[in-house]
Amino acid sequence: MRYSKLLGKTRKEAPKDEVSVNAKLLFRGGFIDKLMAGSYTLLHLGRRVEQKIEQIIREEMNETGAEEILMPLLHPKEIWSETGRWDKADKVMYKLKKGEKEYALSFTHEEIFLDLVRKHILTYRDLPVKGYHFSTKFRDELRAKSGILRGREFLMKDLYSVHTSSKDLDKYYEEVKKVYLKIFDRLGLKAIVTEADGGVFTDRVTHEFQVLSDVGEDEIIYCPGGDFSQNSEICKVKEGKQCDLGHGPLKKARAIEVGNIFSYGTDYSEKMNVVYTDNSGKKQHVWFGAYGIGVTRLIGVLVEVFHDEKGIVWPSQVAPYNCHLITINKQQLTKNKMDDVYNKLVKAGVEVLYDDREDVSVGQKFADADLIGIPVRLVVSEKTAGKVEWKNRIDSKTELLGIEEVVKRLKRSEAA
RNA sequence: CGGGGUGUAGUGUAUCGGCAACAUGCACGGUUCGGGACCGUGAGACAGAGGGUCCAAUUCCCUCCACCCCGACCA
């Protein structure tokens with residue numbers, strides 16, 4: 001991608017009303033634009049990061065045997081009335097009325113998925129069924145805040161599973177719990193599985209995935225050894241108490257919730273009458289679970305965790321591009337020569353952001369590269385004499401490499 | 001929703017009763033070219049909206065709106 005063609009360039013300053021680090025850096029780097037409070041556009045660079053995150057989640061979801069689908073965002077009132085959530089979730093739902101007909105904008109998809117299932121599932125032979133999608137959620141939060149960490153419209157991956165028994169549901173629930181930890185690990189984040197309240201979703205205890213951060217809205221009490229963590233909203237014990245397994249005293253910390261999983265039992269399927277025929281011919285209610293990851297929020301969390309005074313420092317697996325190519329426009333270098341490296345990289349299948357701007361100073365290009373935060377910076381100039389200068393975002397040392405070596409290294413890091 | 005704060009060119013800031021200024025960004029020309037370079041020229045704001053006070057309002061007062069922060073609540 002030629003940087004000169006991108007909509008949304010870097011800026012020296014963020015709008016003064018953006019206070020959070022994630023919003024400031026994402027705005028300044030040209031990753032996002034704000035339409036209104038809690039409602040952001042992902043510009044091309046932001047979208048690339050989102051797609052990287054999405055792909056990692058997709059791979060792990062598929063690994064559990066789940067199938068990817070896409071459910072609608074506009075829902076009829078009737079489906080929500082079946083479970084009583086038209087009224088119960090009134091505060092968070094956006095509702096609209098057109099003529100006599102009432103609708104809701106999707107804030108979650110339990111009802112929709114179960115409706116889908118009951119139209120198709122007849123027998124135990126079909127179960128379990130696991131479906132997920134990446135889609136927009138609309139939630140009328142009392143207060144949108146912290147940049148893209150809490151929006152009123154955001155992307156979420158939600159997975160739903162339907163089972164013949166409590167045992168099978170529990171088994172899958174535990175599997176997803178492990179897979180979630182793997183996903184966050186692949187993203188470079190350390191998530192703590194935390195017991196929490198189910199809100200408008202369920203009266204049962206649920207599990208949240210919390211990433212420690214001072215800008216988090218949640219407070220958790222956890223054991224550094226990893227065998228205990230509860231959201232302070234439900235936690236009965238105090239920090240400082242000794243862990244049962246002798247990992248020392250419990251700690252209290254701020255954290256950002258990046259995922260949440262729910263085991264509903266047969267609560268929903270009873271309300272919606274979702275049944276299957278068991279192997280003795282009897283009708284049984286299905287066992288139901290739901291599992292969410294806040295995709296948009298993860299972009300913000302990554303920025304909160306991975307940045308320095310110069311800008312964002314993307315982990316390579318989620319960086320919008322693998323490398324950021326800068327050419328220094330000396331008269332001695334013809335345009336063709338400069339484009340040559342770019343063309344070779346593209347041809348080799350490397351994802352490259354090419355700062356081909358001709359009227360921008362070197363200093364600015366370097367500063368922009370640091371702000372955008374792509375892990376590898378490549379420079380071609382008169383000084384590099386036919387070679388390419390390689391520099392990692394996180395350190396200051398540079399080395400001169402041949403183009404083949406550059407491609408080789410980039411392909412290797414991509415594969416890793 | 002309660003409390004607090006902020007609204008002036010795209011962005012960041014001045015002006016704080018008397019014809020709205022600077023920086024940056026943008027456009028054009030020229031000089032530069034390894035850490036946000038320089039010179040010149042130019043375009044760009046009915047000062048968030050509405051009302052009031054005053055000879056005169058960006059400035060003082062009222063109402064509304066938007067955004068940010070804290071809280072409540074929630075993923």
# chains A, B, ... in the order shown; residues from 1 in each chain; ligands from 1
>>> residues_around(residues="range 127-143 of chain A", least_positions_apart="4", cutoff="8 Å", atoms="only C-alpha atoms (C1' of nucleotides)", output="count of residues only")
36
>>> closest_atom_pairs(of="chain A", to="chain B", cutoff="7 Å", atoms="only C-alpha atoms (C1' of nucleotides)", output="JSON lines")
{"residue": "A:Glu13", "atom": "CA", "partner": "B:U11", "partner_atom": "C1'", "distance": 6.6}
{"residue": "A:Pro15", "atom": "CA", "partner": "B:U11", "partner_atom": "C1'", "distance": 6.7}
{"residue": "A:Asp17", "atom": "CA", "partner": "B:C68", "partner_atom": "C1'", "distance": 5.1}
{"residue": "A:Glu18", "atom": "CA", "partner": "B:C68", "partner_atom": "C1'", "distance": 6.9}
{"residue": "A:Glu141", "atom": "CA", "partner": "B:C74", "partner_atom": "C1'", "distance": 7.0}
{"residue": "A:Asn329", "atom": "CA", "partner": "B:C33", "partner_atom": "C1'", "distance": 6.4}
{"residue": "A:Lys330", "atom": "CA", "partner": "B:C33", "partner_atom": "C1'", "distance": 5.9}
{"residue": "A:Ser361", "atom": "CA", "partner": "B:C33", "partner_atom": "C1'", "distance": 6.7}
{"residue": "A:Val362", "atom": "CA", "partner": "B:G34", "partner_atom": "C1'", "distance": 6.6}
{"residue": "A:Gly363", "atom": "CA", "partner": "B:G35", "partner_atom": "C1'", "distance": 4.0}
{"residue": "A:Gln364", "atom": "CA", "partner": "B:G36", "partner_atom": "C1'", "distance": 4.3}
{"residue": "A:Phe366", "atom": "CA", "partner": "B:G35", "partner_atom": "C1'", "distance": 6.2}
{"residue": "A:Ala367", "atom": "CA", "partner": "B:G36", "partner_atom": "C1'", "distance": 6.3}
>>> write_last_selection(atoms="N, CA and C atoms", output="JSON list (two decimals), in the first residue's frame")
[["chain", "number", "residue", "atom", "x", "y", "z"],
["A", 13, "GLU", "N", -1.11, 16.36, 16.49],
["A", 13, "GLU", "CA", -1.87, 16.47, 17.72],
["A", 13, "GLU", "C", -3.22, 15.79, 17.60],
["A", 15, "PRO", "N", -7.25, 15.58, 18.77],
["A", 15, "PRO", "CA", -8.25, 16.54, 19.24],
["A", 15, "PRO", "C", -8.21, 16.61, 20.77],
["A", 17, "ASP", "N", -10.32, 16.75, 23.01],
["A", 17, "ASP", "CA", -11.27, 16.00, 23.84],
["A", 17, "ASP", "C", -10.97, 14.50, 23.90],
["A", 18, "GLU", "N", -9.95, 14.08, 23.18],
["A", 18, "GLU", "CA", -9.53, 12.69, 23.33],
["A", 18, "GLU", "C", -8.47, 12.64, 24.42],
["A", 141, "GLU", "N", -24.86, 2.48, 25.96],
["A", 141, "GLU", "CA", -24.14, 2.64, 27.22],
["A", 141, "GLU", "C", -24.51, 3.98, 27.83],
["A", 329, "ASN", "N", 14.33, 10.78, -0.56],
["A", 329, "ASN", "CA", 14.28, 11.28, -1.92],
["A", 329, "ASN", "C", 15.45, 12.18, -2.30],
["A", 330, "LYS", "N", 16.59, 11.59, -2.43],
["A", 330, "LYS", "CA", 17.75, 12.32, -2.95],
["A", 330, "LYS", "C", 17.60, 12.40, -4.46],
["A", 361, "SER", "N", 9.64, 15.52, 4.65],
["A", 361, "SER", "CA", 11.02, 15.38, 5.13],
["A", 361, "SER", "C", 11.26, 14.01, 5.74],
["A", 362, "VAL", "N", 12.52, 13.65, 5.77],
["A", 362, "VAL", "CA", 12.91, 12.37, 6.34],
["A", 362, "VAL", "C", 12.48, 12.28, 7.80],
["A", 363, "GLY", "N", 12.72, 13.35, 8.51],
["A", 363, "GLY", "CA", 12.39, 13.36, 9.92],
["A", 363, "GLY", "C", 10.94, 13.06, 10.15],
["A", 364, "GLN", "N", 10.10, 13.65, 9.34],
["A", 364, "GLN", "CA", 8.68, 13.40, 9.50],
["A", 364, "GLN", "C", 8.32, 11.95, 9.17],
["A", 366, "PHE", "N", 10.20, 9.36, 9.53],
["A", 366, "PHE", "CA", 10.63, 8.52, 10.64],
["A", 366, "PHE", "C", 9.67, 8.65, 11.83],
["A", 367, "ALA", "N", 9.30, 9.88, 12.12],
["A", 367, "ALA", "CA", 8.38, 10.11, 13.23],
["A", 367, "ALA", "C", 7.05, 9.43, 12.97]]
>>> closest_residue(among="A:Pro315, A:Pro224, A:Gly99, A:Gly46", to="Leu302 in chain A", atoms="only C-alpha atoms")
A:Pro315
>>> residues_around(residues="Val176 in chain A", least_positions_apart="2", cutoff="9 Å", atoms="only C-alpha atoms (C1' of nucleotides)", output="list in words")
Met61, Thr64, Lys171, Tyr172, Tyr173, Glu174, Lys178, Val179, Tyr180, Leu181, Ile261 and Tyr291 of chain A
>>> write_last_selection(atoms="N, CA and C atoms", output="compact mmCIF listing (two decimals), in the first residue's frame")
# COMPACT_ATOMS: atom_id res chain seq x y z
N MET A 61 -11.40 -20.43 16.62
CA MET A 61 -12.81 -20.83 16.67
C MET A 61 -13.01 -22.08 15.81
N THR A 64 -12.12 -25.35 17.26
CA THR A 64 -13.04 -25.99 18.21
C THR A 64 -14.21 -26.65 17.49
N LYS A 171 -18.13 -29.35 29.00
CA LYS A 171 -16.90 -29.76 28.33
C LYS A 171 -16.49 -28.70 27.29
N TYR A 172 -17.46 -28.28 26.52
CA TYR A 172 -17.15 -27.28 25.48
C TYR A 172 -16.81 -25.94 26.12
N TYR A 173 -17.52 -25.62 27.18
CA TYR A 173 -17.26 -24.37 27.92
C TYR A 173 -15.80 -24.31 28.36
N GLU A 174 -15.34 -25.40 28.91
CA GLU A 174 -13.94 -25.46 29.36
C GLU A 174 -12.98 -25.40 28.19
N LYS A 178 -10.10 -22.41 27.46
CA LYS A 178 -8.68 -22.63 27.11
C LYS A 178 -8.33 -21.94 25.80
N VAL A 179 -9.23 -22.07 24.82
CA VAL A 179 -8.99 -21.48 23.51
C VAL A 179 -8.92 -19.95 23.61
N TYR A 180 -9.76 -19.40 24.45
CA TYR A 180 -9.71 -17.94 24.64
C TYR A 180 -8.35 -17.51 25.18
N LEU A 181 -7.86 -18.26 26.16
CA LEU A 181 -6.55 -17.90 26.70
C LEU A 181 -5.49 -17.99 25.60
N ILE A 261 -17.52 -15.38 28.92
CA ILE A 261 -18.22 -16.59 28.49
C ILE A 261 -19.34 -16.93 29.47
N TYR A 291 -20.29 -17.09 24.10
CA TYR A 291 -18.88 -16.75 24.34
C TYR A 291 -18.50 -15.54 23.50
>>> residues_around(residues="range 27-30 of chain B", least_positions_apart="3", cutoff="10 Å", atoms="only C-alpha atoms (C1' of nucleotides)", output="PyMOL selection string")
chain B and resi 39-43
>>> atom_distance(atom1="CA of Ser232 in chain A", atom2="CA of Glu60 in chain A")
29.8 Å
>>> residues_around(residues="range 346-360 of chain A", least_positions_apart="6", cutoff="8 Å", atoms="only C-alpha atoms (C1' of nucleotides)", output="ChimeraX atom specification")
/A:1-4,321-327,329,407,410-411
>>> atom_distance(atom1="CA of Gly300 in chain A", atom2="CA of Leu26 in chain A")
8.2 Å
>>> closest_residue(among="A:Ile312, A:Val295, A:Ile192, A:Ile394", to="Asp368 in chain A", atoms="only C-alpha atoms")
A:Ile312
>>> residues_around(residues="A20 in chain B", least_positions_apart="5", cutoff="12 Å", atoms="only C-alpha atoms (C1' of nucleotides)", output="list in words")
U8, A9, A14, U15, A45, C46, A47, U58 and U59 of chain B
>>> write_last_selection(atoms="N, CA and C atoms (P, O5', C5', C4', C3', O3' and C1' of nucleotides)", output="PDB file, in the first residue's frame")
ATOM      1  P     U B   8     -13.761  25.265  19.432  1.00  0.00           P
ATOM      2  O5'   U B   8     -13.806  26.826  19.162  1.00  0.00           O
ATOM      3  C5'   U B   8     -14.826  27.382  18.356  1.00  0.00           C
ATOM      4  C4'   U B   8     -14.330  28.637  17.703  1.00  0.00           C
ATOM      5  C3'   U B   8     -13.117  28.454  16.799  1.00  0.00           C
ATOM      6  O3'   U B   8     -13.498  28.004  15.507  1.00  0.00           O
ATOM      7  C1'   U B   8     -12.749  30.282  18.221  1.00  0.00           C
ATOM      8  P     A B   9     -12.883  26.674  14.953  1.00  0.00           P
ATOM      9  O5'   A B   9     -11.878  27.158  13.812  1.00  0.00           O
ATOM     10  C5'   A B   9     -11.277  26.189  12.990  1.00  0.00           C
ATOM     11  C4'   A B   9     -11.515  26.551  11.532  1.00  0.00           C
ATOM     12  C3'   A B   9     -10.684  25.680  10.597  1.00  0.00           C
ATOM     13  O3'   A B   9     -11.412  25.375   9.416  1.00  0.00           O
ATOM     14  C1'   A B   9     -10.116  27.965  10.327  1.00  0.00           C
ATOM     15  P     A B  14      -5.014  29.154  25.115  1.00  0.00           P
ATOM     16  O5'   A B  14      -4.640  30.366  24.140  1.00  0.00           O
ATOM     17  C5'   A B  14      -5.144  31.627  24.380  1.00  0.00           C
ATOM     18  C4'   A B  14      -4.325  32.634  23.617  1.00  0.00           C
ATOM     19  C3'   A B  14      -4.930  34.031  23.682  1.00  0.00           C
ATOM     20  O3'   A B  14      -4.509  34.679  24.860  1.00  0.00           O
ATOM     21  C1'   A B  14      -4.426  33.490  21.436  1.00  0.00           C
ATOM     22  P     U B  15      -5.609  35.144  25.932  1.00  0.00           P
ATOM     23  O5'   U B  15      -6.305  36.349  25.146  1.00  0.00           O
ATOM     24  C5'   U B  15      -5.522  37.453  24.670  1.00  0.00           C
ATOM     25  C4'   U B  15      -6.307  38.169  23.600  1.00  0.00           C
ATOM     26  C3'   U B  15      -7.651  38.732  24.046  1.00  0.00           C
ATOM     27  O3'   U B  15      -7.472  40.069  24.478  1.00  0.00           O
ATOM     28  C1'   U B  15      -7.871  37.553  21.969  1.00  0.00           C
ATOM     29  P     A B  45     -13.959  30.528   5.543  1.00  0.00           P
ATOM     30  O5'   A B  45     -13.789  30.506   7.125  1.00  0.00           O
ATOM     31  C5'   A B  45     -14.065  29.277   7.817  1.00  0.00           C
ATOM     32  C4'   A B  45     -14.433  29.623   9.231  1.00  0.00           C
ATOM     33  C3'   A B  45     -15.326  30.851   9.368  1.00  0.00           C
ATOM     34  O3'   A B  45     -16.659  30.563   9.114  1.00  0.00           O
ATOM     35  C1'   A B  45     -13.583  30.870  10.985  1.00  0.00           C
ATOM     36  P     C B  46     -17.892  30.694   9.094  1.00  0.00           P
ATOM     37  O5'   C B  46     -17.991  31.946  10.033  1.00  0.00           O
ATOM     38  C5'   C B  46     -19.096  32.821   9.748  1.00  0.00           C
ATOM     39  C4'   C B  46     -18.995  34.002  10.637  1.00  0.00           C
ATOM     40  C3'   C B  46     -19.528  33.731  12.055  1.00  0.00           C
ATOM     41  O3'   C B  46     -18.996  34.698  12.939  1.00  0.00           O
ATOM     42  C1'   C B  46     -21.124  34.894  10.726  1.00  0.00           C
ATOM     43  P     A B  47     -19.089  34.501  14.480  1.00  0.00           P
ATOM     44  O5'   A B  47     -18.122  33.251  14.792  1.00  0.00           O
ATOM     45  C5'   A B  47     -18.694  31.969  15.066  1.00  0.00           C
ATOM     46  C4'   A B  47     -17.767  31.230  15.989  1.00  0.00           C
ATOM     47  C3'   A B  47     -18.266  31.193  17.440  1.00  0.00           C
ATOM     48  O3'   A B  47     -17.921  29.957  17.984  1.00  0.00           O
ATOM     49  C1'   A B  47     -16.199  32.347  17.309  1.00  0.00           C
ATOM     50  P     U B  58     -19.745  38.575  18.444  1.00  0.00           P
ATOM     51  O5'   U B  58     -18.780  37.362  18.770  1.00  0.00           O
ATOM     52  C5'   U B  58     -19.311  36.117  19.154  1.00  0.00           C
ATOM     53  C4'   U B  58     -18.349  35.386  20.036  1.00  0.00           C
ATOM     54  C3'   U B  58     -18.234  35.927  21.450  1.00  0.00           C
ATOM     55  O3'   U B  58     -19.229  35.388  22.282  1.00  0.00           O
ATOM     56  C1'   U B  58     -16.073  35.565  20.541  1.00  0.00           C
ATOM     57  P     U B  59     -19.943  36.227  23.379  1.00  0.00           P
ATOM     58  O5'   U B  59     -18.756  36.583  24.380  1.00  0.00           O
ATOM     59  C5'   U B  59     -18.050  35.547  25.061  1.00  0.00           C
ATOM     60  C4'   U B  59     -16.900  36.154  25.829  1.00  0.00           C
ATOM     61  C3'   U B  59     -17.325  37.133  26.911  1.00  0.00           C
ATOM     62  O3'   U B  59     -16.538  36.968  28.072  1.00  0.00           O
ATOM     63  C1'   U B  59     -15.927  38.227  25.335  1.00  0.00           C
TER      64        U B  59
END
>>> select_by_dssp(residues="range 14-124 of chain A", states="strand (DSSP E or B)", output="number ranges by chain")
A: 32-36, 39-42, 67-68, 74-76, 94-98, 101-105, 123
>>> select_by_dssp(residues="range 90-247 of chain A", states="alpha helix (DSSP H)", output="mmCIF file with N, CA and C atoms, in the first residue's frame")
data_model
loop_
_atom_site.group_PDB
_atom_site.id
_atom_site.type_symbol
_atom_site.label_atom_id
_atom_site.label_comp_id
_atom_site.auth_asym_id
_atom_site.auth_seq_id
_atom_site.Cartn_x
_atom_site.Cartn_y
_atom_site.Cartn_z
ATOM 1 N N GLU A 110 -28.168 -14.145 21.401
ATOM 2 C CA GLU A 110 -28.665 -15.413 21.961
ATOM 3 C C GLU A 110 -29.994 -15.831 21.341
ATOM 4 N N GLU A 111 -30.954 -14.927 21.363
ATOM 5 C CA GLU A 111 -32.295 -15.239 20.865
ATOM 6 C C GLU A 111 -32.274 -15.594 19.380
ATOM 7 N N ILE A 112 -31.450 -14.854 18.648
ATOM 8 C CA ILE A 112 -31.400 -15.065 17.205
ATOM 9 C C ILE A 112 -30.798 -16.438 16.897
ATOM 10 N N PHE A 113 -29.749 -16.773 17.628
ATOM 11 C CA PHE A 113 -29.110 -18.063 17.368
ATOM 12 C C PHE A 113 -30.035 -19.217 17.735
ATOM 13 N N LEU A 114 -30.713 -19.094 18.870
ATOM 14 C CA LEU A 114 -31.609 -20.176 19.284
ATOM 15 C C LEU A 114 -32.787 -20.320 18.322
ATOM 16 N N ASP A 115 -33.263 -19.200 17.804
ATOM 17 C CA ASP A 115 -34.335 -19.265 16.820
ATOM 18 C C ASP A 115 -33.853 -20.012 15.576
ATOM 19 N N LEU A 116 -32.628 -19.704 15.204
ATOM 20 C CA LEU A 116 -32.017 -20.370 14.055
ATOM 21 C C LEU A 116 -31.934 -21.873 14.296
ATOM 22 N N VAL A 117 -31.488 -22.211 15.488
ATOM 23 C CA VAL A 117 -31.290 -23.619 15.820
ATOM 24 C C VAL A 117 -32.607 -24.385 15.839
ATOM 25 N N ARG A 118 -33.629 -23.794 16.457
ATOM 26 C CA ARG A 118 -34.880 -24.545 16.609
ATOM 27 C C ARG A 118 -35.557 -24.791 15.265
ATOM 28 N N LYS A 119 -35.204 -24.000 14.277
ATOM 29 C CA LYS A 119 -35.765 -24.237 12.948
ATOM 30 C C LYS A 119 -35.056 -25.376 12.234
ATOM 31 N N HIS A 120 -33.883 -25.741 12.742
ATOM 32 C CA HIS A 120 -33.094 -26.746 12.038
ATOM 33 C C HIS A 120 -32.838 -28.022 12.818
ATOM 34 N N SER A 166 -25.814 -31.194 30.028
ATOM 35 C CA SER A 166 -25.037 -30.303 30.870
ATOM 36 C C SER A 166 -23.562 -30.646 30.758
ATOM 37 N N LYS A 167 -23.312 -31.945 30.717
ATOM 38 C CA LYS A 167 -21.927 -32.406 30.681
ATOM 39 C C LYS A 167 -21.233 -31.985 29.389
ATOM 40 N N ASP A 168 -21.946 -32.115 28.300
ATOM 41 C CA ASP A 168 -21.354 -31.756 27.008
ATOM 42 C C ASP A 168 -21.131 -30.246 26.922
ATOM 43 N N LEU A 169 -22.086 -29.502 27.457
ATOM 44 C CA LEU A 169 -21.929 -28.048 27.490
ATOM 45 C C LEU A 169 -20.714 -27.663 28.325
ATOM 46 N N ASP A 170 -20.609 -28.277 29.509
ATOM 47 C CA ASP A 170 -19.477 -27.976 30.392
ATOM 48 C C ASP A 170 -18.153 -28.266 29.718
ATOM 49 N N LYS A 171 -18.132 -29.350 29.003
ATOM 50 C CA LYS A 171 -16.898 -29.756 28.331
ATOM 51 C C LYS A 171 -16.492 -28.704 27.295
ATOM 52 N N TYR A 172 -17.463 -28.280 26.523
ATOM 53 C CA TYR A 172 -17.153 -27.283 25.483
ATOM 54 C C TYR A 172 -16.810 -25.935 26.121
ATOM 55 N N TYR A 173 -17.524 -25.615 27.185
ATOM 56 C CA TYR A 173 -17.263 -24.366 27.915
ATOM 57 C C TYR A 173 -15.799 -24.311 28.363
ATOM 58 N N GLU A 174 -15.336 -25.401 28.911
ATOM 59 C CA GLU A 174 -13.945 -25.464 29.364
ATOM 60 C C GLU A 174 -12.981 -25.397 28.186
ATOM 61 N N GLU A 175 -13.390 -26.001 27.080
ATOM 62 C CA GLU A 175 -12.541 -25.964 25.885
ATOM 63 C C GLU A 175 -12.407 -24.516 25.381
ATOM 64 N N VAL A 176 -13.537 -23.829 25.350
ATOM 65 C CA VAL A 176 -13.514 -22.437 24.875
ATOM 66 C C VAL A 176 -12.678 -21.576 25.820
ATOM 67 N N LYS A 177 -12.799 -21.875 27.100
ATOM 68 C CA LYS A 177 -12.013 -21.110 28.071
ATOM 69 C C LYS A 177 -10.526 -21.219 27.749
ATOM 70 N N LYS A 178 -10.102 -22.414 27.458
ATOM 71 C CA LYS A 178 -8.681 -22.631 27.110
ATOM 72 C C LYS A 178 -8.330 -21.940 25.796
ATOM 73 N N VAL A 179 -9.234 -22.070 24.823
ATOM 74 C CA VAL A 179 -8.991 -21.478 23.512
ATOM 75 C C VAL A 179 -8.918 -19.954 23.611
ATOM 76 N N TYR A 180 -9.757 -19.397 24.452
ATOM 77 C CA TYR A 180 -9.715 -17.937 24.642
ATOM 78 C C TYR A 180 -8.353 -17.507 25.176
ATOM 79 N N LEU A 181 -7.859 -18.256 26.157
ATOM 80 C CA LEU A 181 -6.547 -17.904 26.695
ATOM 81 C C LEU A 181 -5.486 -17.989 25.602
ATOM 82 N N LYS A 182 -5.664 -18.965 24.727
ATOM 83 C CA LYS A 182 -4.706 -19.121 23.629
ATOM 84 C C LYS A 182 -4.795 -17.932 22.670
ATOM 85 N N ILE A 183 -6.015 -17.510 22.398
ATOM 86 C CA ILE A 183 -6.199 -16.362 21.506
ATOM 87 C C ILE A 183 -5.513 -15.126 22.080
ATOM 88 N N PHE A 184 -5.785 -14.855 23.353
ATOM 89 C CA PHE A 184 -5.191 -13.659 23.949
ATOM 90 C C PHE A 184 -3.671 -13.789 24.004
ATOM 91 N N ASP A 185 -3.213 -14.993 24.243
ATOM 92 C CA ASP A 185 -1.777 -15.238 24.238
ATOM 93 C C ASP A 185 -1.195 -14.960 22.851
ATOM 94 N N ARG A 186 -1.882 -15.418 21.828
ATOM 95 C CA ARG A 186 -1.403 -15.177 20.460
ATOM 96 C C ARG A 186 -1.385 -13.681 20.138
#
>>> closest_residue(among="A:Gly311, A:Gly259, A:Gly216, A:Gly402", to="Leu25 in chain A", atoms="only C-alpha atoms")
A:Gly311
>>> closest_residue(among="B:G44, B:U13, B:C55, B:G2", to="C26 in chain B", atoms="only C-alpha atoms (C1' of nucleotides)")
B:G44
>>> atom_distance(atom1="CA of Ser213 in chain A", atom2="CA of Val303 in chain A")
11.3 Å
>>> residues_around(residues="Val258 in chain A", least_positions_apart="4", cutoff="9 Å", atoms="only C-alpha atoms (C1' of nucleotides)", output="ChimeraX atom specification")
/A:184,191,208-211,292-295,297-298,301 /B:75
>>> closest_residue(among="A:Lys95, A:Lys24, A:Lys12, A:Lys337", to="His307 in chain A", atoms="only C-alpha atoms")
A:Lys24
